[in-house]
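Down below is the structure, laid out as structure tokens.
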Amino acid sequence: MQNGVWVTLFFAGVLEAGWAIGLKYTEGFTRLGPSVVTLILMGGSLYLLSRSLTGLPLGTAYAVWTGIGAVGTVIAGLVLFDESRSALRLLCLLLIVAGIVGLKLSSDA
């Protein structure tokens, strides 16, 4: 069960990145298709986050969820929107990943 909640949390984070990226395409929720997809991803992400809380502490789960979403969103920005690839930005991204790994390794779950 313990690995299951981490897998669930991982996919919750992936969906969180998905809906954050989707916001870019909704144009302020004025485009129907992207808006519907974004809302579905939001709901799925929150549902999976809530399921992961059955076996993980709230603070750990929330921090990891937002971290995965942030990393995914930054990577998407680099690939899809040609955002900055500065050394400092990439270093900060690695620090977020290190924080996620640290929370996983230090968790009792």
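Chain lettering (A, B, ...) mirrors the order of the structure tokens, residue numbering begins at 1 for each chain separately, and ligand numbering begins at 1 in order of display.
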I want to know what sits within 10 Å of Leu103 (chain A), based on only C-alpha atoms, with residues of the same chain fewer than 4 positions away left out; could you give that as a PDB file with C-alpha atoms, in the first residue's frame?
```
ATOM      1  CA  GLY A  59       2.411  18.357   4.348  1.00  0.00           C
ATOM      2  CA  THR A  60       4.570  15.793   2.570  1.00  0.00           C
ATOM      3  CA  ALA A  61       1.926  14.930  -0.007  1.00  0.00           C
ATOM      4  CA  ALA A  63       4.755  19.579  -1.098  1.00  0.00           C
ATOM      5  CA  VAL A  64       5.561  16.648  -3.381  1.00  0.00           C
ATOM      6  CA  VAL A  97      13.713  17.679  -7.549  1.00  0.00           C
ATOM      7  CA  ALA A  98      16.166  17.205  -4.661  1.00  0.00           C
ATOM      8  CA  GLY A  99      13.501  18.442  -2.254  1.00  0.00           C
ATOM      9  CA  SER A 107       8.866   9.909   4.899  1.00  0.00           C
ATOM     10  CA  ASP A 108       7.620   7.155   7.193  1.00  0.00           C
TER      11      ASP A 108
END
```
| task | List the neighbours of Thr73 (chain A) out to 12 Å using only C-alpha atoms; skip same-chain residues closer than 4 positions along the sequence, and give me the result as a list in words. | result | Gly13, Val14, Leu15, Glu16, Ala17, Gly18, Trp19, Ala20, Ile21, Gly22, Leu23, Lys24, Thr66, Gly67, Ile68, Gly69, Gly77, Leu78, Val79, Leu80, Phe81, Glu83 and Leu93 of chain A
Can I get the selection written as a PDB file, in the first residue's frame, with C-alpha atoms?
```
ATOM      1  CA  GLY A  13       1.466  15.663  -9.743  1.00  0.00           C
ATOM      2  CA  VAL A  14       1.624  14.825 -13.436  1.00  0.00           C
ATOM      3  CA  LEU A  15      -2.029  15.809 -13.830  1.00  0.00           C
ATOM      4  CA  GLU A  16      -1.308  18.979 -11.861  1.00  0.00           C
ATOM      5  CA  ALA A  17       1.371  19.910 -14.383  1.00  0.00           C
ATOM      6  CA  GLY A  18      -1.085  19.043 -17.148  1.00  0.00           C
ATOM      7  CA  TRP A  19      -3.759  21.408 -15.930  1.00  0.00           C
ATOM      8  CA  ALA A  20      -1.240  24.168 -15.298  1.00  0.00           C
ATOM      9  CA  ILE A  21      -0.064  23.818 -18.903  1.00  0.00           C
ATOM     10  CA  GLY A  22      -3.680  23.650 -20.014  1.00  0.00           C
ATOM     11  CA  LEU A  23      -4.319  27.061 -18.496  1.00  0.00           C
ATOM     12  CA  LYS A  24      -1.997  28.538 -21.113  1.00  0.00           C
ATOM     13  CA  THR A  66       3.216  20.871  -6.054  1.00  0.00           C
ATOM     14  CA  GLY A  67       6.882  20.027  -6.653  1.00  0.00           C
ATOM     15  CA  ILE A  68       6.055  17.482  -9.331  1.00  0.00           C
ATOM     16  CA  GLY A  69       3.651  19.948 -10.891  1.00  0.00           C
ATOM     17  CA  GLY A  77       7.768  25.566 -20.689  1.00  0.00           C
ATOM     18  CA  LEU A  78      11.254  24.729 -21.911  1.00  0.00           C
ATOM     19  CA  VAL A  79       9.973  22.342 -24.570  1.00  0.00           C
ATOM     20  CA  LEU A  80       6.682  23.888 -25.679  1.00  0.00           C
ATOM     21  CA  PHE A  81       7.181  27.606 -25.118  1.00  0.00           C
ATOM     22  CA  GLU A  83      11.365  29.445 -22.067  1.00  0.00           C
ATOM     23  CA  LEU A  93      14.781  23.026 -10.958  1.00  0.00           C
TER      24      LEU A  93
END
```
Please report, as a PDB file with C-alpha atoms, in the first residue's frame, each residue of chain A to which DSSP assigns alpha helix (DSSP H) when run on this structure's backbone.
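What follows is the written file out_17.pdb:
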```pdb
ATOM      1  CA  GLN A   2       2.813   2.418   0.805  1.00  0.00           C
ATOM      2  CA  ASN A   3       4.254   2.372  -2.710  1.00  0.00           C
ATOM      3  CA  GLY A   4       0.727   2.657  -4.077  1.00  0.00           C
ATOM      4  CA  VAL A   5       0.117   6.012  -2.408  1.00  0.00           C
ATOM      5  CA  TRP A   6       3.405   7.331  -3.803  1.00  0.00           C
ATOM      6  CA  VAL A   7       2.468   6.167  -7.314  1.00  0.00           C
ATOM      7  CA  THR A   8      -0.939   7.794  -6.900  1.00  0.00           C
ATOM      8  CA  LEU A   9       0.730  10.994  -5.729  1.00  0.00           C
ATOM      9  CA  PHE A  10       3.114  10.920  -8.695  1.00  0.00           C
ATOM     10  CA  PHE A  11       0.217  10.755 -11.157  1.00  0.00           C
ATOM     11  CA  ALA A  12      -1.613  13.477  -9.217  1.00  0.00           C
ATOM     12  CA  GLY A  13       1.466  15.663  -9.743  1.00  0.00           C
ATOM     13  CA  VAL A  14       1.624  14.825 -13.436  1.00  0.00           C
ATOM     14  CA  LEU A  15      -2.029  15.809 -13.830  1.00  0.00           C
ATOM     15  CA  GLU A  16      -1.308  18.979 -11.861  1.00  0.00           C
ATOM     16  CA  ALA A  17       1.371  19.910 -14.383  1.00  0.00           C
ATOM     17  CA  GLY A  18      -1.085  19.043 -17.148  1.00  0.00           C
ATOM     18  CA  TRP A  19      -3.759  21.408 -15.930  1.00  0.00           C
ATOM     19  CA  ALA A  20      -1.240  24.168 -15.298  1.00  0.00           C
ATOM     20  CA  ILE A  21      -0.064  23.818 -18.903  1.00  0.00           C
ATOM     21  CA  GLY A  22      -3.680  23.650 -20.014  1.00  0.00           C
ATOM     22  CA  LEU A  23      -4.319  27.061 -18.496  1.00  0.00           C
ATOM     23  CA  LYS A  24      -1.997  28.538 -21.113  1.00  0.00           C
ATOM     24  CA  TYR A  25      -4.245  27.168 -23.857  1.00  0.00           C
ATOM     25  CA  THR A  26      -7.593  28.170 -22.330  1.00  0.00           C
ATOM     26  CA  LEU A  32     -14.132  25.589 -24.745  1.00  0.00           C
ATOM     27  CA  GLY A  33     -12.036  22.537 -25.646  1.00  0.00           C
ATOM     28  CA  PRO A  34      -8.895  23.438 -23.710  1.00  0.00           C
ATOM     29  CA  SER A  35     -11.030  24.687 -20.821  1.00  0.00           C
ATOM     30  CA  VAL A  36     -12.895  21.392 -20.521  1.00  0.00           C
ATOM     31  CA  VAL A  37      -9.673  19.372 -20.681  1.00  0.00           C
ATOM     32  CA  THR A  38      -8.049  21.640 -18.080  1.00  0.00           C
ATOM     33  CA  LEU A  39     -11.009  21.275 -15.702  1.00  0.00           C
ATOM     34  CA  ILE A  40     -10.953  17.483 -16.094  1.00  0.00           C
ATOM     35  CA  LEU A  41      -7.227  17.412 -15.339  1.00  0.00           C
ATOM     36  CA  MET A  42      -7.812  19.626 -12.290  1.00  0.00           C
ATOM     37  CA  GLY A  43     -10.464  17.285 -10.957  1.00  0.00           C
ATOM     38  CA  GLY A  44      -8.350  14.196 -11.606  1.00  0.00           C
ATOM     39  CA  SER A  45      -5.324  15.739  -9.957  1.00  0.00           C
ATOM     40  CA  LEU A  46      -7.229  16.726  -6.832  1.00  0.00           C
ATOM     41  CA  TYR A  47      -8.919  13.333  -6.646  1.00  0.00           C
ATOM     42  CA  LEU A  48      -5.599  11.478  -6.850  1.00  0.00           C
ATOM     43  CA  LEU A  49      -4.045  13.841  -4.318  1.00  0.00           C
ATOM     44  CA  SER A  50      -6.906  13.110  -1.931  1.00  0.00           C
ATOM     45  CA  ARG A  51      -6.429   9.364  -2.443  1.00  0.00           C
ATOM     46  CA  SER A  52      -2.717   9.637  -1.666  1.00  0.00           C
ATOM     47  CA  LEU A  58      -0.669  16.118   4.364  1.00  0.00           C
ATOM     48  CA  GLY A  59       2.411  18.357   4.348  1.00  0.00           C
ATOM     49  CA  THR A  60       4.570  15.793   2.570  1.00  0.00           C
ATOM     50  CA  ALA A  61       1.926  14.930  -0.007  1.00  0.00           C
ATOM     51  CA  TYR A  62       1.113  18.556  -0.780  1.00  0.00           C
ATOM     52  CA  ALA A  63       4.755  19.579  -1.098  1.00  0.00           C
ATOM     53  CA  VAL A  64       5.561  16.648  -3.381  1.00  0.00           C
ATOM     54  CA  TRP A  65       2.395  17.231  -5.454  1.00  0.00           C
ATOM     55  CA  THR A  66       3.216  20.871  -6.054  1.00  0.00           C
ATOM     56  CA  GLY A  67       6.882  20.027  -6.653  1.00  0.00           C
ATOM     57  CA  ILE A  68       6.055  17.482  -9.331  1.00  0.00           C
ATOM     58  CA  GLY A  69       3.651  19.948 -10.891  1.00  0.00           C
ATOM     59  CA  ALA A  70       6.242  22.715 -10.827  1.00  0.00           C
ATOM     60  CA  VAL A  71       8.956  20.547 -12.364  1.00  0.00           C
ATOM     61  CA  GLY A  72       6.593  19.280 -15.046  1.00  0.00           C
ATOM     62  CA  THR A  73       5.415  22.771 -15.841  1.00  0.00           C
ATOM     63  CA  VAL A  74       8.950  24.161 -16.105  1.00  0.00           C
ATOM     64  CA  ILE A  75       9.991  21.282 -18.390  1.00  0.00           C
ATOM     65  CA  ALA A  76       6.919  21.872 -20.557  1.00  0.00           C
ATOM     66  CA  GLY A  77       7.768  25.566 -20.689  1.00  0.00           C
ATOM     67  CA  LEU A  78      11.254  24.729 -21.911  1.00  0.00           C
ATOM     68  CA  VAL A  79       9.973  22.342 -24.570  1.00  0.00           C
ATOM     69  CA  LEU A  80       6.682  23.888 -25.679  1.00  0.00           C
ATOM     70  CA  ALA A  87      22.014  27.687 -15.672  1.00  0.00           C
ATOM     71  CA  LEU A  88      20.457  29.295 -12.601  1.00  0.00           C
ATOM     72  CA  ARG A  89      16.963  28.276 -13.658  1.00  0.00           C
ATOM     73  CA  LEU A  90      18.047  24.683 -14.265  1.00  0.00           C
ATOM     74  CA  LEU A  91      19.870  24.617 -10.926  1.00  0.00           C
ATOM     75  CA  CYS A  92      16.715  25.757  -9.165  1.00  0.00           C
ATOM     76  CA  LEU A  93      14.781  23.026 -10.958  1.00  0.00           C
ATOM     77  CA  LEU A  94      17.284  20.468  -9.664  1.00  0.00           C
ATOM     78  CA  LEU A  95      16.819  21.840  -6.148  1.00  0.00           C
ATOM     79  CA  ILE A  96      13.071  21.256  -6.407  1.00  0.00           C
ATOM     80  CA  VAL A  97      13.713  17.679  -7.549  1.00  0.00           C
ATOM     81  CA  ALA A  98      16.166  17.205  -4.661  1.00  0.00           C
ATOM     82  CA  GLY A  99      13.501  18.442  -2.254  1.00  0.00           C
ATOM     83  CA  ILE A 100      10.953  15.986  -3.638  1.00  0.00           C
ATOM     84  CA  VAL A 101      13.408  13.098  -3.342  1.00  0.00           C
ATOM     85  CA  GLY A 102      14.358  14.208   0.161  1.00  0.00           C
ATOM     86  CA  LEU A 103      10.732  14.260   1.278  1.00  0.00           C
ATOM     87  CA  LYS A 104      10.186  10.793  -0.175  1.00  0.00           C
ATOM     88  CA  LEU A 105      13.298   9.370   1.498  1.00  0.00           C
ATOM     89  CA  SER A 106      12.514  10.955   4.867  1.00  0.00           C
TER      90      SER A 106
END
```
